[in-house]
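Peer 1: Dropping in query_3.txt, which is compact mmCIF, C-alpha atoms:
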# COMPACT_ATOMS: atom_id res chain seq x y z
CA MET A 1 17.23 11.56 54.09
CA ALA A 2 15.28 8.88 55.98
CA THR A 3 12.19 9.53 58.07
CA GLN A 4 10.61 7.97 61.13
CA ILE A 5 6.93 8.89 61.44
CA ILE A 6 5.33 8.42 64.83
CA MET A 7 1.54 8.63 65.11
CA ASP A 8 0.43 10.75 68.04
CA HIS A 9 -2.38 13.03 69.17
CA ASN A 10 -1.04 15.76 66.87
CA GLY A 11 -1.47 13.52 63.83
CA ASP A 12 2.16 12.51 63.65
CA THR A 13 5.66 13.61 64.55
CA ARG A 14 8.43 13.15 61.99
CA HIS A 15 12.12 12.62 62.64
CA ASN A 16 14.32 13.07 59.59
CA PHE A 17 17.87 11.78 59.69
CA ASP A 18 20.81 11.15 57.40
CA ALA A 19 21.32 7.40 57.25
CA LYS A 20 24.98 7.99 56.34
CA ASP A 21 25.56 9.83 59.61
CA ALA A 22 26.59 7.24 62.22
CA LYS A 23 25.35 9.30 65.15
CA ALA A 24 21.99 10.02 63.50
CA LEU A 25 21.65 6.35 62.62
CA TRP A 26 22.40 5.33 66.20
CA GLU A 27 19.77 7.77 67.42
CA ALA A 28 17.22 6.41 64.92
CA GLU A 29 17.92 2.84 66.04
CA ARG A 30 17.58 3.87 69.67
CA ARG A 31 14.21 5.50 68.86
CA PHE A 32 13.10 2.39 66.97
CA LYS A 33 13.91 0.12 69.91
CA ALA A 34 12.30 2.47 72.43
CA LEU A 35 9.06 2.69 70.45
CA THR A 36 8.73 -1.00 69.59
CA GLY A 37 9.67 -1.83 73.17
CA ALA A 38 6.78 0.37 74.31
CA GLY A 39 4.33 -1.58 72.13
CA PHE A 40 4.39 0.44 68.93
CA THR A 41 4.25 -1.41 65.62
CA ALA A 42 6.80 -0.38 63.02
CA ALA A 43 5.88 -0.59 59.34
CA THR A 44 7.63 0.19 56.11
CA ARG A 45 6.42 0.01 52.52
CA THR A 46 7.60 -2.18 49.68
CA ALA A 47 8.53 -0.66 46.34
CA SER A 48 4.96 -1.34 45.20
CA GLY A 49 3.56 0.46 48.25
CA GLU A 50 2.36 -2.50 50.31
CA PRO A 51 2.89 -2.18 54.06
CA VAL A 52 5.28 -4.55 55.82
CA VAL A 53 5.66 -4.84 59.58
CA THR A 54 9.28 -4.81 60.65
CA ARG A 55 10.56 -6.13 64.00
CA THR A 56 14.15 -5.02 63.65
CA PHE A 57 15.71 -1.71 62.74
CA ASP A 58 16.45 -1.43 59.03
CA PRO A 59 19.04 1.27 58.39
CA SER A 60 18.18 1.25 54.69
CA ALA A 61 14.46 1.97 55.20
CA GLY A 62 13.59 5.34 53.74
CA GLU A 63 10.41 5.69 55.77
CA THR A 64 9.28 3.87 58.89
CA LEU A 65 5.85 4.41 60.40
CA PHE A 66 5.07 3.70 64.06
CA PHE A 67 1.58 3.29 65.47
CA PRO A 68 0.52 2.44 69.03
CA ARG A 69 -0.63 -0.99 70.18
CA LEU A 70 -4.13 -1.91 69.00
CA VAL A 71 -6.74 -2.97 71.55
CA GLY A 72 -10.35 -4.07 71.39
CA GLY A 73 -12.68 -1.09 71.36
CA MET B 1 -45.02 59.59 62.05
CA SER B 2 -45.10 56.70 64.50
CA VAL B 3 -45.83 54.26 61.65
CA ALA B 4 -42.78 55.52 59.76
CA LEU B 5 -40.62 55.12 62.85
CA LEU B 6 -41.97 51.59 63.31
CA HIS B 7 -41.01 50.71 59.72
CA VAL B 8 -37.49 52.06 60.27
CA ALA B 9 -37.15 50.07 63.49
CA ILE B 10 -38.38 46.86 61.84
CA ASN B 11 -36.00 47.41 58.94
CA GLN B 12 -33.03 47.90 61.28
CA LEU B 13 -34.04 44.89 63.38
CA GLY B 14 -34.14 42.79 60.21
CA ARG B 15 -30.63 43.91 59.27
CA LEU B 16 -29.39 43.14 62.76
CA LEU B 17 -30.89 39.65 62.65
CA ALA B 18 -29.36 39.03 59.20
CA ALA B 19 -25.95 40.13 60.49
CA CYS B 20 -26.30 37.83 63.53
CA LEU B 21 -27.28 34.92 61.30
CA HIS B 22 -24.27 35.56 59.06
CA MET B 23 -21.95 35.62 62.08
CA ALA B 24 -23.51 32.45 63.50
CA ARG B 25 -22.93 30.64 60.20
CA ALA B 26 -19.32 31.85 60.06
CA PHE B 27 -18.75 30.65 63.63
CA SER B 28 -20.33 27.29 62.84
CA ASP B 29 -18.06 26.87 59.78
CA TRP B 30 -15.00 27.81 61.85
CA TYR B 31 -15.97 25.49 64.73
CA GLN B 32 -16.59 22.49 62.45
CA ARG B 33 -13.44 22.92 60.34
CA PRO B 34 -11.01 19.99 60.38
CA SER B 35 -8.18 20.71 62.81
CA THR B 36 -4.57 20.81 61.70
CA CYS B 37 -4.03 17.50 63.51
CA GLU B 38 -6.91 15.86 61.67
CA LEU B 39 -5.66 17.17 58.34
CA ARG B 40 -2.17 15.85 59.11
CA GLY B 41 -3.62 12.41 59.90
CA LEU B 42 -5.62 12.37 56.67
CA LYS B 43 -2.55 13.41 54.67
CA LEU B 44 -0.58 10.50 56.13
CA LEU B 45 -3.45 8.09 55.42
CA ARG B 46 -3.63 9.24 51.81
CA GLU B 47 0.11 8.72 51.40
CA TRP B 48 -0.21 5.07 52.49
CA LEU B 49 -3.42 4.05 50.73
CA SER B 50 -3.14 2.23 47.42
CA GLN B 51 -4.49 4.10 44.41
CA GLU B 52 -7.62 1.94 44.43
CA GLN B 53 -8.18 2.51 48.15
CA LEU B 54 -7.64 6.23 47.76
CA ALA B 55 -10.20 6.41 44.95
CA GLN B 56 -12.68 4.49 47.12
CA TYR B 57 -12.05 6.74 50.09
CA ASP B 58 -12.51 9.91 48.04
CA ALA B 59 -15.73 8.58 46.53
CA HIS B 60 -17.34 6.89 49.54
CA ASN B 61 -15.50 7.95 52.71
CA TYR B 62 -14.38 4.35 53.21
CA PHE B 63 -11.84 1.98 51.66
CA GLU B 64 -11.55 -1.79 51.52
CA VAL B 65 -8.64 -3.99 52.52
CA ILE B 66 -7.92 -7.69 52.03
CA GLY B 67 -7.01 -9.65 55.15
CA CYS B 68 -3.54 -11.17 54.72
CA HIS B 69 -4.44 -14.53 56.28
CA THR B 70 -8.02 -15.29 55.19
CA GLY B 71 -8.34 -13.20 52.05
CA LYS B 72 -11.56 -11.74 53.46
CA ARG B 73 -12.53 -8.21 52.50
CA TYR B 74 -12.98 -5.53 55.15
CA ARG B 75 -14.43 -2.06 54.80
CA VAL B 76 -12.68 0.61 56.86
CA CYS B 77 -15.06 3.55 57.23
CA HIS B 78 -13.98 7.06 58.19
CA GLY B 79 -14.00 7.15 61.98
CA THR B 80 -12.15 6.35 65.16
CA GLY B 81 -14.02 3.29 66.44
CA ALA B 82 -16.52 0.57 65.46
CA ASN B 83 -15.66 1.47 61.86
CA VAL B 84 -14.34 -1.82 60.42
CA PHE B 85 -16.77 -4.22 58.73
CA GLU B 86 -16.13 -7.68 57.36
CA LEU B 87 -17.93 -8.01 54.01
CA ASN B 88 -19.80 -10.99 52.65
CA ASP B 89 -19.56 -12.26 49.07
CA ALA B 90 -22.13 -9.67 48.01
CA GLY B 91 -19.96 -6.89 49.41
CA LEU B 92 -22.33 -6.20 52.31
CA PRO B 93 -21.26 -5.85 55.94
CA ARG B 94 -21.75 -9.16 57.77
CA LYS B 95 -19.81 -8.47 60.96
CA GLY B 96 -18.34 -5.41 62.65
CA TRP B 97 -14.89 -5.41 64.23
CA CYS B 98 -13.74 -2.86 66.75
CA PHE B 99 -10.02 -2.44 67.40
CA VAL B 100 -8.32 0.87 67.96
CA PRO B 101 -4.96 2.27 69.06
CA ASN B 102 -4.54 2.33 72.83
CA GLU B 103 -3.99 6.08 72.84
CA TYR B 104 -5.94 8.94 71.28
CA LEU B 105 -5.27 9.37 67.58
CA VAL B 106 -7.06 11.32 64.87
CA ALA B 107 -9.29 9.46 62.41
CA GLY B 108 -6.74 9.28 59.59
CA ASP B 109 -4.17 7.65 61.88
CA VAL B 110 -6.71 5.19 63.32
CA MET B 111 -7.83 4.06 59.86
CA LEU B 112 -4.22 3.69 58.69
CA ALA B 113 -3.29 1.58 61.73
CA GLN B 114 -6.35 -0.63 61.09
CA LYS B 115 -5.43 -1.01 57.41
CA ILE B 116 -1.84 -2.03 58.17
CA ALA B 117 -2.96 -4.44 60.91
CA LEU B 118 -5.42 -6.24 58.61
CA GLU B 119 -3.02 -6.34 55.68
CA THR B 120 -0.02 -7.56 57.65
CA ASP B 121 -1.29 -9.40 60.74
CA GLU B 122 -5.01 -10.07 60.31
CA ARG B 123 -5.29 -12.87 62.88
CA VAL B 124 -3.75 -10.85 65.68
CA ALA B 125 -5.87 -7.82 64.78
CA LEU B 126 -9.08 -9.86 64.95
CA ALA B 127 -7.99 -11.68 68.09
CA THR B 128 -7.58 -8.27 69.71
CA ALA B 129 -10.86 -6.89 68.37
CA ASN B 130 -14.36 -7.01 69.73
CA ASN B 131 -17.04 -7.86 67.20
CA PHE B 132 -20.53 -6.53 66.79
CA THR B 133 -23.51 -6.92 64.51
CA PRO B 134 -23.71 -4.18 61.89
CA ARG B 135 -26.95 -2.19 61.84
Step by step, read the file and then write its structure as structure tokens.

Peer 2:
Amino acid sequence: MATQIIMDHNGDTRHNFDAKDAKALWEAERRFKALTGAGFTAATRTASGEPVVTRTFDPSAGETLFFPRLVGG
Amino acid sequence: MSVALLHVAINQLGRLLAACLHMARAFSDWYQRPSTCELRGLKLLREWLSQEQLAQYDAHNYFEVIGCHTGKRYRVCHGTGANVFELNDAGLPRKGWCFVPNEYLVAGDVMLAQKIALETDERVALATANNFTPR
């Protein structure tokens, strides 16, 4: 089971999906494109735990984290 | 007789005040408790911190990250703004950097976004940020 984690005012919202299910995968890719298109950054982790920013949907990613655009405070 | 009644009244007033104080403390504890959202954000942060960063955060309420482009060290303190400090060679804050998500997020989420930004795209994060002199 793969997970997309979206940071929001509730802490985060998680979408779990079966990467072997074509429809679920299509939905996850659609969500990825919608979020990154809206300015969210998508990040995954390497096997050693280091974060990596990803610009394209990776169907093999077990966990993808999305956070909103950063601005000067 | 009247003195005895006065003692009883003072005693009861004391008990009432103690009960009020107890309730006020309970309310204060309840009001200041971390919300579910804040706890969720901190749980996510803890999942993404390295073991070293997690140990630092538990001990000091901050963790340090290495900028991916310059190799500089930054201290990310618990908070939601003006909480990132560039460190000098002695490990002391030399410059503050303020960059935050463009929508409201809880502290754990803000700190995690700042960590990922500095570790994966330091130049863009700093170009976005405003800087300030640490106190």

Peer 1: Could you tell me which of B:Arg123, B:Gly79, B:Tyr62, B:Cys37 comes closest to chain A if we count all atoms listed in the file?

Peer 2: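 Nearest candidate to chain A out of B:Arg123, B:Gly79, B:Tyr62, B:Cys37: B:Cys37.
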
Peer 1: Tell me, counting only C-alpha atoms, for each residue of chain B within 7 Å of chain A, which pair of atoms is nearest and how far apart they are in Å to one decimal, in rows ordered by chain and increasing number, as a tab-separated table.

Peer 2:
residue	atom	partner	partner_atom	distance
B:Cys37	CA	A:Gly11	CA	4.7
B:Glu38	CA	A:Gly11	CA	6.3
B:Arg40	CA	A:Gly11	CA	5.3
B:Gly41	CA	A:Gly11	CA	4.6
B:Ser50	CA	A:Gly49	CA	7.0
B:Gly81	CA	A:Gly73	CA	6.7
B:Cys98	CA	A:Gly73	CA	5.1
B:Phe99	CA	A:Gly72	CA	4.3
B:Val100	CA	A:Leu70	CA	5.1
B:Pro101	CA	A:Leu70	CA	4.3
B:Asn102	CA	A:Leu70	CA	5.7
B:Glu103	CA	A:Pro68	CA	6.9
B:Tyr104	CA	A:His9	CA	5.8
B:Leu105	CA	A:His9	CA	4.9
B:Val106	CA	A:Gly11	CA	6.1
B:Asp109	CA	A:Met7	CA	6.6
B:Ala113	CA	A:Phe67	CA	6.4
B:Ile116	CA	A:Pro51	CA	6.3
B:Thr120	CA	A:Val52	CA	6.4
B:Thr128	CA	A:Gly72	CA	5.3
B:Ala129	CA	A:Gly72	CA	4.2
B:Asn130	CA	A:Gly72	CA	5.2

Peer 1: Set the distance at 12 Å and use only C-alpha atoms: which residues neighbour His69 (chain B) once local chain neighbours fewer than 5 positions away are removed? I'd like the list as a list in words.

Peer 2: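 Residues meeting the cut-off are Ala117, Leu118, Glu119, Thr120, Asp121, Glu122, Arg123, Val124, Ala125 and Leu126 of chain B.
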
Peer 1: If I take CA of Pro93 (chain B) and CA of Gly108 (chain B), how far is one from the other in Å, to one decimal?

Peer 2: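 Computing the Euclidean distance for CA of Pro93 (chain B) and CA of Gly108 (chain B) yields 21.3 Å.
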
Peer 1: As an exercise, work out the distance from CA of Ala90 (chain B) to CA of Trp48 (chain B) in Å and give it to one decimal place.

Peer 2: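 So the two atoms, CA of Ala90 (chain B) and CA of Trp48 (chain B), lie 26.8 Å apart.
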